[in-house]
Structures are given as C-alpha cells and as structure tokens.
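**Q** To be precise about what I am sending: the file is called protein_24.csv and holds CSV, C-alpha atoms.
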```
chain,number,residue,atom,x,y,z
A,555,MET,CA,59.8,34.6,-150.6
A,556,ALA,CA,61.9,31.6,-150.9
A,557,SER,CA,61.2,28.4,-149.2
A,558,ALA,CA,62.3,25.1,-150.4
A,559,SER,CA,59.6,22.5,-150.2
A,560,THR,CA,59.9,19.8,-147.7
A,561,GLU,CA,59.6,16.2,-148.7
A,562,LYS,CA,59.5,12.8,-147.0
A,563,SER,CA,63.2,12.8,-146.4
A,564,SER,CA,65.3,11.7,-143.5
A,565,LYS,CA,67.6,14.4,-142.1
A,566,CYS,CA,67.4,18.1,-142.4
A,567,THR,CA,70.4,20.4,-142.0
A,568,GLN,CA,71.1,24.1,-142.5
A,569,LEU,CA,74.2,25.6,-144.0
A,570,PRO,CA,74.8,29.3,-144.9
A,571,ALA,CA,76.4,28.2,-148.1
A,572,ASP,CA,73.2,26.6,-149.1
A,573,ILE,CA,71.3,29.8,-148.5
A,574,GLN,CA,73.5,31.6,-150.9
A,575,GLN,CA,73.0,28.9,-153.4
A,576,VAL,CA,69.3,29.2,-153.1
A,577,LYS,CA,69.6,33.0,-153.7
A,578,ASP,CA,71.6,32.5,-156.8
A,579,THR,CA,69.3,30.0,-158.4
A,580,LEU,CA,66.3,32.1,-157.5
A,581,SER,CA,67.8,35.2,-159.1
A,582,GLU,CA,68.2,33.3,-162.3
A,583,VAL,CA,64.6,32.3,-162.4
A,584,VAL,CA,63.0,35.5,-161.2
A,585,HIS,CA,62.3,38.5,-163.5
A,586,PRO,CA,65.4,40.8,-163.6
A,587,LEU,CA,63.5,43.8,-162.1
A,588,SER,CA,62.4,42.0,-159.0
A,589,ARG,CA,65.8,40.5,-158.3
A,590,PRO,CA,66.6,42.9,-155.5
A,591,ALA,CA,63.5,42.0,-153.7
A,592,ILE,CA,64.7,38.4,-153.1
A,593,ASN,CA,64.9,37.8,-149.4
A,594,VAL,CA,65.7,34.3,-148.2
A,595,ILE,CA,64.6,33.6,-144.7
A,596,PRO,CA,67.1,31.1,-143.3
A,597,ASP,CA,64.5,29.4,-141.1
A,598,HIS,CA,62.5,28.6,-144.0
A,599,VAL,CA,65.2,26.8,-145.9
A,600,LEU,CA,65.3,23.1,-145.6
A,601,VAL,CA,68.1,21.2,-147.1
A,602,LEU,CA,67.3,17.7,-147.9
A,603,THR,CA,70.0,15.2,-147.5
A,604,GLY,CA,69.8,11.6,-147.8
A,605,THR,CA,71.4,8.8,-149.7
A,606,LYS,CA,69.9,7.2,-152.7
A,607,SER,CA,68.4,3.8,-152.0
A,608,LYS,CA,70.3,0.8,-153.2
A,609,LYS,CA,67.8,0.2,-155.9
A,610,GLN,CA,68.3,3.7,-157.2
A,611,LEU,CA,72.0,3.4,-157.3
A,612,SER,CA,72.1,0.0,-159.0
A,613,ARG,CA,69.6,0.9,-161.7
A,614,LYS,CA,71.2,-0.5,-164.8
A,615,LYS,CA,69.8,-0.3,-168.2
A,616,ARG,CA,67.9,-3.5,-168.7
A,617,ALA,CA,68.4,-5.2,-172.0
A,618,VAL,CA,65.4,-4.6,-174.1
A,619,LYS,CA,63.6,-7.9,-174.8
A,620,LYS,CA,63.7,-8.9,-178.4
A,621,LYS,CA,60.2,-9.7,-179.3
A,622,ALA,CA,59.7,-9.7,-183.0
A,623,LEU,CA,61.8,-9.3,-186.0
A,624,THR,CA,61.6,-6.0,-187.8
A,625,ARG,CA,61.1,-6.0,-191.5
A,626,GLN,CA,64.7,-4.9,-192.0
A,627,ASN,CA,65.9,-7.9,-189.9
A,628,ARG,CA,63.8,-10.2,-192.0
A,629,ILE,CA,65.2,-8.8,-195.2
A,630,ASP,CA,68.7,-9.2,-193.8
A,631,MET,CA,68.1,-12.8,-193.0
A,632,GLY,CA,66.9,-13.4,-196.5
A,633,PHE,CA,63.2,-14.2,-195.7
A,634,TYR,CA,61.9,-12.4,-198.7
A,635,SER,CA,64.5,-13.4,-201.2
A,636,LEU,CA,64.7,-17.2,-201.5
A,637,PRO,CA,67.5,-18.2,-203.8
A,638,THR,CA,66.1,-18.9,-207.2
A,639,LYS,CA,68.6,-21.5,-208.2
A,640,SER,CA,70.2,-23.2,-205.2
A,641,LEU,CA,67.0,-25.0,-204.0
A,642,LYS,CA,67.0,-28.6,-205.0
A,643,TYR,CA,64.0,-30.4,-206.3
A,644,ALA,CA,65.2,-33.7,-204.8
A,645,ASP,CA,65.2,-32.2,-201.3
A,646,MET,CA,61.7,-31.0,-201.7
A,647,LEU,CA,60.4,-34.5,-202.6
A,648,ALA,CA,60.5,-35.3,-198.9
A,649,LEU,CA,58.3,-32.4,-198.2
A,650,HIS,CA,55.9,-33.6,-200.9
A,651,ASN,CA,55.7,-37.0,-199.3
A,652,LEU,CA,54.9,-35.4,-196.0
A,653,TRP,CA,52.2,-33.3,-197.6
A,654,GLN,CA,50.6,-36.3,-199.3
A,655,GLY,CA,50.1,-37.9,-195.9
A,656,TYR,CA,48.6,-34.7,-194.5
A,657,MET,CA,46.4,-34.2,-197.4
A,658,LYS,CA,45.0,-37.7,-197.3
A,659,GLU,CA,44.1,-37.3,-193.7
A,660,HIS,CA,42.7,-33.8,-194.2
A,661,LEU,CA,40.4,-34.8,-197.1
A,662,GLY,CA,39.5,-38.1,-195.5
A,663,LEU,CA,40.5,-40.1,-198.5
A,664,ASP,CA,41.1,-43.4,-196.7
A,665,ALA,CA,37.5,-43.6,-195.5
A,666,MET,CA,36.1,-42.6,-198.9
A,667,GLU,CA,35.5,-44.9,-201.8
A,668,ARG,CA,35.7,-42.2,-204.4
A,669,VAL,CA,36.0,-38.5,-204.7
A,670,PRO,CA,32.5,-36.9,-204.8
A,671,ASP,CA,31.1,-35.8,-208.1
A,672,VAL,CA,29.6,-32.4,-208.8
A,673,ALA,CA,26.1,-33.9,-208.3
A,674,ASP,CA,26.9,-35.5,-205.0
A,675,PRO,CA,25.7,-33.9,-201.8
A,676,GLN,CA,29.1,-34.1,-200.3
A,677,TYR,CA,30.7,-32.1,-203.1
A,678,ASP,CA,30.3,-28.7,-201.4
A,679,GLY,CA,31.9,-29.8,-198.2
A,680,PHE,CA,34.7,-31.5,-200.1
A,681,SER,CA,35.5,-28.5,-202.2
A,682,LYS,CA,35.6,-26.3,-199.1
A,683,LEU,CA,38.0,-28.7,-197.4
A,684,LEU,CA,40.1,-28.6,-200.5
A,685,VAL,CA,40.4,-24.8,-200.6
A,686,LYS,CA,41.1,-24.7,-196.9
A,687,ALA,CA,44.0,-27.1,-197.2
A,688,ASP,CA,47.6,-26.2,-196.9
A,689,LEU,CA,49.5,-26.1,-200.1
A,690,HIS,CA,53.1,-26.2,-198.9
A,691,GLY,CA,54.6,-29.2,-200.6
A,692,ALA,CA,51.9,-29.8,-203.2
A,693,LYS,CA,52.7,-30.8,-206.7
A,694,VAL,CA,51.0,-28.3,-208.9
A,695,LEU,CA,50.5,-27.8,-212.6
A,696,VAL,CA,49.2,-24.6,-214.3
A,697,THR,CA,46.7,-25.8,-216.9
A,698,ARG,CA,44.9,-22.6,-217.9
A,699,SER,CA,45.8,-19.0,-217.4
A,700,LYS,CA,45.2,-15.5,-218.6
A,701,CYS,CA,48.8,-15.3,-219.4
A,702,PRO,CA,49.7,-18.0,-221.9
A,703,SER,CA,53.4,-18.1,-220.9
A,704,LEU,CA,52.4,-19.4,-217.4
A,705,VAL,CA,50.6,-22.4,-218.8
A,706,GLY,CA,52.6,-25.6,-218.3
A,707,ILE,CA,54.6,-24.5,-215.2
A,708,SER,CA,54.7,-27.4,-212.8
A,709,GLY,CA,56.6,-28.3,-209.7
A,710,ILE,CA,56.3,-28.3,-205.9
A,711,VAL,CA,54.9,-25.4,-204.0
A,712,VAL,CA,57.6,-24.0,-201.7
A,713,ILE,CA,56.0,-20.8,-200.4
A,714,ASP,CA,52.4,-19.8,-200.4
A,715,THR,CA,51.6,-16.1,-200.1
A,716,LYS,CA,48.3,-14.2,-200.5
A,717,ASN,CA,48.5,-13.6,-204.2
A,718,THR,CA,51.3,-15.9,-205.4
A,719,LEU,CA,52.6,-19.4,-205.3
A,720,LYS,CA,56.4,-20.0,-205.4
A,721,ILE,CA,56.8,-23.1,-207.4
A,722,LEU,CA,60.1,-25.1,-207.6
A,723,GLY,CA,60.3,-26.8,-211.0
A,724,GLU,CA,62.0,-30.0,-211.7
A,725,ASP,CA,64.8,-28.0,-213.3
A,726,ASP,CA,65.6,-26.6,-209.8
A,727,LYS,CA,64.3,-23.1,-210.7
A,728,LEU,CA,62.0,-21.2,-208.5
A,729,ARG,CA,59.1,-19.5,-210.3
A,730,THR,CA,56.5,-17.1,-208.9
A,731,VAL,CA,53.0,-17.6,-210.3
A,732,PRO,CA,50.1,-15.3,-209.5
A,733,LYS,CA,47.1,-17.2,-208.2
A,734,SER,CA,44.2,-15.2,-209.4
A,735,GLU,CA,44.9,-15.6,-213.1
A,736,CYS,CA,45.4,-19.3,-213.2
A,737,ILE,CA,43.7,-22.7,-212.8
A,738,PHE,CA,45.8,-25.2,-211.1
A,739,VAL,CA,45.8,-29.0,-211.1
A,740,ILE,CA,46.9,-30.5,-207.8
A,741,GLU,CA,48.4,-34.0,-208.0
A,742,LEU,CA,47.7,-36.2,-205.1
A,743,GLY,CA,48.7,-39.8,-205.7
A,744,ASN,CA,46.5,-41.0,-208.5
A,745,LEU,CA,44.1,-38.1,-208.2
A,746,GLU,CA,44.1,-34.9,-210.0
A,747,LEU,CA,42.2,-32.1,-208.3
A,748,THR,CA,41.4,-28.9,-210.2
A,749,VAL,CA,41.4,-25.7,-208.3
A,750,VAL,CA,40.6,-22.2,-209.5
A,751,GLY,CA,43.4,-20.0,-208.3
A,752,LYS,CA,41.0,-17.1,-207.5
A,753,HIS,CA,39.5,-19.1,-204.6
A,754,LEU,CA,42.9,-19.5,-203.0
A,755,THR,CA,43.7,-15.7,-202.7
A,756,ILE,CA,43.6,-15.6,-198.9
A,757,ARG,CA,46.6,-15.3,-196.7
A,758,PRO,CA,47.6,-18.9,-195.8
A,759,ALA,CA,47.3,-18.3,-192.1
A,760,GLU,CA,43.8,-17.0,-192.3
A,761,ARG,CA,42.7,-19.7,-194.7
A,762,SER,CA,41.5,-22.1,-192.0
A,763,VAL,CA,39.5,-19.4,-190.2
A,764,LYS,CA,37.8,-17.7,-193.1
A,765,LYS,CA,34.4,-18.9,-194.0
A,766,MET,CA,34.0,-19.7,-197.6
A,767,LYS,CA,30.9,-18.3,-199.1
A,768,ASN,CA,29.5,-19.2,-202.4
A,769,PHE,CA,32.3,-19.5,-204.8
A,770,MET,CA,32.4,-16.5,-206.9
A,771,ASP,CA,31.9,-16.6,-210.7
A,772,LEU,CA,35.0,-17.1,-212.7
A,773,ASP,CA,36.5,-14.5,-214.9
A,774,LEU,CA,38.9,-16.2,-217.2
B,899,MET,CA,31.3,-37.6,-194.2
B,900,ALA,CA,33.8,-34.9,-193.7
B,901,ASN,CA,31.8,-33.2,-191.0
B,902,LYS,CA,31.1,-36.4,-189.1
B,903,GLN,CA,34.8,-37.1,-189.0
B,904,LYS,CA,35.6,-34.3,-186.6
B,905,GLY,CA,36.0,-35.8,-183.2
B,906,CYS,CA,37.2,-32.7,-181.5
B,907,HIS,CA,37.1,-29.0,-182.2
B,908,GLY,CA,39.4,-27.7,-184.8
B,909,ARG,CA,40.7,-31.1,-185.8
B,910,ASP,CA,41.7,-30.1,-189.3
B,911,VAL,CA,43.5,-27.1,-188.0
B,912,PHE,CA,45.5,-29.2,-185.6
B,913,SER,CA,46.5,-31.6,-188.4
B,914,ARG,CA,47.6,-28.6,-190.5
B,915,MET,CA,49.7,-27.2,-187.6
B,916,ASN,CA,51.2,-30.6,-187.1
B,917,PHE,CA,52.0,-30.8,-190.8
B,918,LEU,CA,53.7,-27.4,-190.8
B,919,TYR,CA,55.7,-28.2,-187.7
B,920,GLN,CA,56.9,-31.4,-189.3
B,921,ALA,CA,57.7,-29.5,-192.5
B,922,SER,CA,59.7,-27.0,-190.5
B,923,ALA,CA,61.6,-29.8,-188.7
B,924,LEU,CA,62.3,-31.4,-192.1
B,925,MET,CA,63.8,-28.3,-193.7
B,926,VAL,CA,66.0,-27.3,-190.8
B,927,GLU,CA,69.1,-28.8,-192.2
B,928,LYS,CA,68.4,-28.2,-195.9
B,929,ASN,CA,67.1,-24.7,-195.9
B,930,PRO,CA,66.7,-22.8,-192.6
B,931,VAL,CA,64.9,-19.9,-194.2
B,932,LEU,CA,62.1,-22.2,-195.3
B,933,ALA,CA,62.0,-23.8,-191.9
B,934,CYS,CA,61.5,-20.4,-190.4
B,935,HIS,CA,58.7,-19.7,-192.8
B,936,TYR,CA,56.9,-23.0,-192.0
B,937,GLY,CA,57.4,-22.6,-188.2
B,938,ASN,CA,56.1,-19.1,-188.4
B,939,MET,CA,53.1,-20.3,-190.4
B,940,CYS,CA,52.4,-22.9,-187.8
B,941,LYS,CA,52.4,-20.3,-185.0
B,942,SER,CA,50.3,-17.8,-186.9
B,943,VAL,CA,47.7,-20.5,-187.9
B,944,GLY,CA,47.4,-21.3,-184.2
B,945,LYS,CA,47.0,-17.6,-183.3
B,946,LYS,CA,44.3,-17.0,-185.9
B,947,THR,CA,42.2,-20.0,-184.9
B,948,VAL,CA,42.9,-19.5,-181.1
B,949,LEU,CA,44.1,-23.1,-180.7
B,950,ARG,CA,47.0,-23.8,-178.5
B,951,MET,CA,50.0,-25.9,-179.0
B,952,GLU,CA,51.2,-28.4,-176.4
B,953,PRO,CA,53.8,-26.6,-174.3
B,954,GLU,CA,56.6,-29.1,-174.9
B,955,MET,CA,56.1,-28.6,-178.6
B,956,LYS,CA,55.8,-24.9,-178.4
B,957,ARG,CA,59.1,-24.7,-176.6
B,958,THR,CA,60.9,-26.2,-179.5
B,959,LEU,CA,59.9,-23.4,-181.8
B,960,CYS,CA,62.0,-20.2,-181.7
B,961,LYS,CA,59.9,-17.4,-180.3
B,962,VAL,CA,61.3,-14.8,-182.6
B,963,CYS,CA,61.9,-16.4,-186.0
B,964,GLY,CA,59.8,-19.5,-185.6
B,965,ILE,CA,62.5,-22.1,-186.6
B,966,VAL,CA,62.4,-25.6,-185.0
B,967,LEU,CA,65.2,-25.5,-182.4
B,968,LYS,CA,67.2,-28.6,-183.1
B,969,PRO,CA,70.2,-28.8,-180.8
B,970,GLY,CA,73.5,-28.7,-182.7
B,971,VAL,CA,71.8,-27.7,-186.0
B,972,SER,CA,69.7,-24.6,-185.4
B,973,ALA,CA,70.3,-24.1,-181.7
B,974,GLU,CA,73.1,-24.1,-179.1
B,975,VAL,CA,72.1,-25.5,-175.8
B,976,GLN,CA,74.0,-24.9,-172.5
B,977,ILE,CA,73.4,-25.1,-168.8
B,978,ASN,CA,74.1,-22.0,-166.7
B,979,GLY,CA,74.5,-21.6,-163.0
B,980,TYR,CA,76.6,-23.3,-160.4
B,981,ASN,CA,74.0,-23.9,-157.8
B,982,GLU,CA,71.8,-26.8,-158.5
B,983,LYS,CA,68.9,-24.6,-157.4
B,984,ASP,CA,69.3,-21.9,-160.0
B,985,GLN,CA,70.5,-23.9,-162.9
B,986,MET,CA,69.0,-22.7,-166.2
B,987,LEU,CA,68.9,-24.4,-169.6
B,988,THR,CA,69.6,-21.8,-172.2
B,989,VAL,CA,68.7,-22.4,-175.8
B,990,VAL,CA,70.1,-19.9,-178.3
B,991,CYS,CA,68.8,-19.8,-181.8
B,992,THR,CA,71.5,-19.7,-184.4
B,993,MET,CA,69.3,-18.0,-187.0
B,994,CYS,CA,68.3,-14.9,-185.0
B,995,SER,CA,70.4,-15.3,-181.9
B,996,SER,CA,67.5,-15.0,-179.5
B,997,SER,CA,67.5,-17.2,-176.5
B,998,LYS,CA,65.1,-19.1,-174.4
B,999,ASN,CA,65.6,-20.0,-170.7
B,1000,PHE,CA,64.1,-22.9,-168.9
B,1001,VAL,CA,64.4,-23.5,-165.2
B,1002,LEU,CA,65.8,-26.9,-164.5
B,1003,ASN,CA,65.2,-28.5,-161.1
B,1004,SER,CA,61.9,-26.7,-160.8
B,1005,LYS,CA,59.6,-27.5,-157.8
B,1006,TYR,CA,56.5,-27.2,-159.9
B,1007,ASP,CA,55.0,-29.5,-162.5
B,1008,MET,CA,53.1,-28.4,-165.5
B,1009,TRP,CA,49.4,-28.6,-165.1
B,1010,LEU,CA,49.2,-30.7,-168.3
B,1011,ASP,CA,51.5,-33.3,-166.7
B,1012,ASN,CA,49.0,-33.7,-164.0
B,1013,PRO,CA,46.6,-36.6,-164.7
B,1014,ARG,CA,43.7,-34.5,-163.3
B,1015,SER,CA,44.0,-32.1,-166.2
B,1016,VAL,CA,42.6,-34.7,-168.7
B,1017,VAL,CA,38.9,-34.1,-168.9
B,1018,GLU,CA,37.9,-36.4,-171.7
B,1019,THR,CA,39.7,-38.6,-174.2
B,1020,ILE,CA,38.3,-39.0,-177.6
B,1021,PRO,CA,39.0,-42.5,-179.0
B,1022,GLU,CA,40.7,-42.5,-182.3
B,1023,LYS,CA,38.4,-45.1,-183.8
B,1024,LYS,CA,35.4,-42.8,-183.4
B,1025,ALA,CA,37.2,-40.1,-185.3
B,1026,GLU,CA,38.0,-42.3,-188.2
B,1027,GLU,CA,34.5,-43.8,-188.6
```
If you took the structure in this file and wrote it as structure tokens, what would it be?

**A**
Amino acid sequence: MASASTEKSSKCTQLPADIQQVKDTLSEVVHPLSRPAINVIPDHVLVLTGTKSKKQLSRKKRAVKKKALTRQNRIDMGFYSLPTKSLKYADMLALHNLWQGYMKEHLGLDAMERVPDVADPQYDGFSKLLVKADLHGAKVLVTRSKCPSLVGISGIVVIDTKNTLKILGEDDKLRTVPKSECIFVIELGNLELTVVGKHLTIRPAERSVKKMKNFMDLDL
Amino acid sequence: MANKQKGCHGRDVFSRMNFLYQASALMVEKNPVLACHYGNMCKSVGKKTVLRMEPEMKRTLCKVCGIVLKPGVSAEVQINGYNEKDQMLTVVCTMCSSSKNFVLNSKYDMWLDNPRSVVETIPEKKAEE
C-alpha cells in the first residue's frame, strides 16, 4: 500500500526506523477505519538522502528593488503639500528667465517679425504651439474669471496640474487657481498672450502628445 | 513658419524636456521638492512622446524621485570595491535614498560614443531658417 515515490536523487538507503515513520505518517492521513490495513513493504520504501545544493543553502532573501514611490511615500516627502509661505518670489525669477528663453525658442519669436493676427494663416499653428507650451515659470495674470475674487491674481507658475495652476505671487504666497474658470494673460517680454484656461486642462505630461482639435466654444 | 522650423522629429518636445531638466537643476538647492517635480515631468514627457534622453543625461536623474543628482547637494557619491576590476560608482539620492550603480573600468563603450552610430546630422542653420 505504501510506497514512497522515487525521485532523481543520488543515494538510497533503508532503515527500519524510517519504515516506522512512514507507517505513522500514513496512519494520520488514512481514514481511521482502514488504519489496520496499512502494510508497509520494506522493499518498496526508498529513503531519499542527499544534501542541498549550495545554491539552495545560500538562498538569501534578496532586497526588493525599489522601483517607484508609493503615494504614501510621496505624501511623506511633501510632494503634494508645497509650503504656502516659505517659497520666495526672488528665487523663482531665475526660473522665469529660463522659461523666457525656452518660450522664445518654442514659439519661434526670433525668426518672426510680429505675432500673427487672428486673420493670418499662421494663427492656428501659433495658437496650437502656445497651448502646447510648458507653463512652469510663466508670469501669469488672471484677467477674467467666473469667480470674481480670482481676478487680479498674478505671479509665477510654480506647479501645473491638470485642473489647477499653483501661482506664487509677489508677496511670496502660493495660490491655487482653477484653470477652467479663468482667462489668463501670459507675459513674455514685451508681449501679452491671452489664453483661455479651458484649453489648458490637460495633464502637463500629455500636453505635447495630445492633438488639439477645434477649440471648443467658451462658456464664461 | 512654425512647421517649417522642425528640423528633426519632436523638436519642440526635446526643447521642452531640456527646459524641464534645466529647471530641475536650477531648483535643486532652493527647493528639492520642486526639483523632483520638474525632473519627474521631464521623464514623463519623454515617456508619453516615446522620445529618449541621452544616456549621460538620463543617468543624472534619480530613477525613483526624478531629482537631478548633483553630487554633494542632492546625491552622495562613493566608489566601492577594492579590485580595480569590480569597482562601482554608487550614487545615492538624498531625497529618497535610492541608489544607482555604475561599473567603472568597463570594457565596453556605449554605442552612442561610437562614431558609427551617427546616421545624419541636421545643421542648426537649417532649423532656424
């Protein structure tokens, strides 16, 4: 009835103590009524001996590779809660200067004599470029809004999210402004570009991929 | 006008990634959290548009939090290993304490260092016209 299965192992030895062991373990497994029927044939018992390979013995728990931060880690590091008062406007001016250079290159202002008018054929391409541009470091002023208390907020954009802009004002205060309700004026050197906030409500990383279709009608 | 300007594929995206990288490098000392944000943005823009960064540049961004690894400011740099053969350069990010290892004394060169890897060079003048 009992016969231990053979495997690809090296040496096989037989010991009476092992047979007893097999009997004990079997009697635990088998239905209580059929226990007396257990008959272990010694010839059929194979005891497998062998040492574990070196690899098996030295298997240590490998350190799990840290791939991405979890949301809790990000919260702990303060990614979602920028200090509203300790950021300095003067520090951000350097970022603004950098942004100006980028924006001039992006819009191709050096090669252009003047910014295209609404009637110009290039107007469509230019406005698409403007919407696709990165806003980190832009000087922005809210000119019109559904919410009257937002009108007049100005400063440098510090963080750009899907639905909001975090604007650092000249008084070193960080304000969060919803995009879809506002019309922004972007200052670029001596230019003032007006952008409707609703067109900017794309995640900033996807902005350069997304194809802009006809600009939707305004609802302000 | 704007469309003619493109000398190579995804030129505007590359300039955007470049700007974000520089912004991250600028904010490292003043506000590391913002630097993380800009570096992450740089990486994710590249992911979305399927454009690759130059390896030397990519290696200076932390792979976990995205901050620009500036030795002494946002990263600790050390060389491990006694044998010259298996010396490793370890860069540990101070923000998220993740580390990057680079083999020093490697026998192999990067493919990009090989002059044969350059297929075509687009002159800058053409791009500006």

**Q** Name all residues at most 7 Å from stretch 921-932 of chain B (count all atoms listed in the file; drop same-chain ones fewer than 4 positions away) and give them as a PyMOL selection string.

**A** (chain A and resi 633+649) or (chain B and resi 917+936-937+965-966+971)

**Q** Using all atoms listed in the file, find the residues of chain A whose closest atom to chain B is at most 7 Å away, then write them as JSON, numbers by chain.

**A** {"A": [621, 622, 623, 633, 649, 656, 660, 662, 688, 759, 760, 762, 763]}

**Q** Find the distance between atom CA of A:Glu741 and atom CA of A:Val694 and write it in Å to one decimal.

**A**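 Interatomic distance here is 6.3 Å.
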
**Q** Using atom CA of A:Gln574 and atom CA of A:Val594 as the two end points, give the distance in Å to one decimal.

**A**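 Between atom CA of A:Gln574 and atom CA of A:Val594 the gap works out to 8.7 Å.
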
**Q** If I take atom CA of A:Lys700 and atom CA of A:Lys720, how far is one from the other in Å, to one decimal?

**A**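 So the two atoms, atom CA of A:Lys700 and atom CA of A:Lys720, lie 17.9 Å apart.
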
**Q** Counting all atoms listed in the file, what is within 12 Å of A:Pro702, bar same-chain residues fewer than 5 positions away, as a count of residues only?

**A** 7

**Q** May I have the residues within 12 Å of A:Thr755 as a short mmCIF file (atom, residue, chain, number, x, y, z; two decimals) with C-alpha atoms, keeping the file's coordinate frame, using all atoms listed in the file and disregarding those fewer than 2 positions away in the same chain?

**A**
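See selection_7.cif below for the written result:
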```
data_model
loop_
_atom_site.label_atom_id
_atom_site.label_comp_id
_atom_site.auth_asym_id
_atom_site.auth_seq_id
_atom_site.Cartn_x
_atom_site.Cartn_y
_atom_site.Cartn_z
CA VAL A 685 40.40 -24.80 -200.60
CA LYS A 686 41.10 -24.70 -196.90
CA ASP A 714 52.40 -19.80 -200.40
CA THR A 715 51.60 -16.10 -200.10
CA LYS A 716 48.30 -14.20 -200.50
CA ASN A 717 48.50 -13.60 -204.20
CA THR A 718 51.30 -15.90 -205.40
CA LEU A 719 52.60 -19.40 -205.30
CA PRO A 732 50.10 -15.30 -209.50
CA LYS A 733 47.10 -17.20 -208.20
CA SER A 734 44.20 -15.20 -209.40
CA GLU A 735 44.90 -15.60 -213.10
CA CYS A 736 45.40 -19.30 -213.20
CA VAL A 749 41.40 -25.70 -208.30
CA VAL A 750 40.60 -22.20 -209.50
CA GLY A 751 43.40 -20.00 -208.30
CA LYS A 752 41.00 -17.10 -207.50
CA HIS A 753 39.50 -19.10 -204.60
CA ARG A 757 46.60 -15.30 -196.70
CA PRO A 758 47.60 -18.90 -195.80
CA ALA A 759 47.30 -18.30 -192.10
CA GLU A 760 43.80 -17.00 -192.30
CA ARG A 761 42.70 -19.70 -194.70
CA LYS A 764 37.80 -17.70 -193.10
CA MET A 766 34.00 -19.70 -197.60
#
```

**Q** Excluding B:Asn999 and residues on its chain fewer than 3 positions from it, collect all residues at most 9 Å away from it, counting only C-alpha atoms, and give them as a CSV table (one decimal) with C-alpha atoms, in the coordinates of the input.

**A**
```csv
chain,number,residue,atom,x,y,z
B,986,MET,CA,69.0,-22.7,-166.2
B,987,LEU,CA,68.9,-24.4,-169.6
B,988,THR,CA,69.6,-21.8,-172.2
B,989,VAL,CA,68.7,-22.4,-175.8
B,990,VAL,CA,70.1,-19.9,-178.3
```

**Q** Here is a test: counting all atoms listed in the file, which residue of A:Ile710, A:Ile756, A:Leu695, A:His690 is nearest to A:Met657?

**A** A:His690

**Q** Give me the residues near A:Lys642 as a PyMOL selection string, where near means some atom within 9 Å (using all atoms listed in the file) and where sequence neighbours in that chain fewer than 2 positions away do not count.

**A** chain A and resi 639-640+644-646+722+724-727

**Q** So which one's closest to B:Asp1011, B:Leu959, B:Pro953, B:Tyr919, B:Cys906? Using all atoms listed in the file, please.

**A**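 The shortest atom-to-atom distance to B:Asp1011 comes from B:Pro953.
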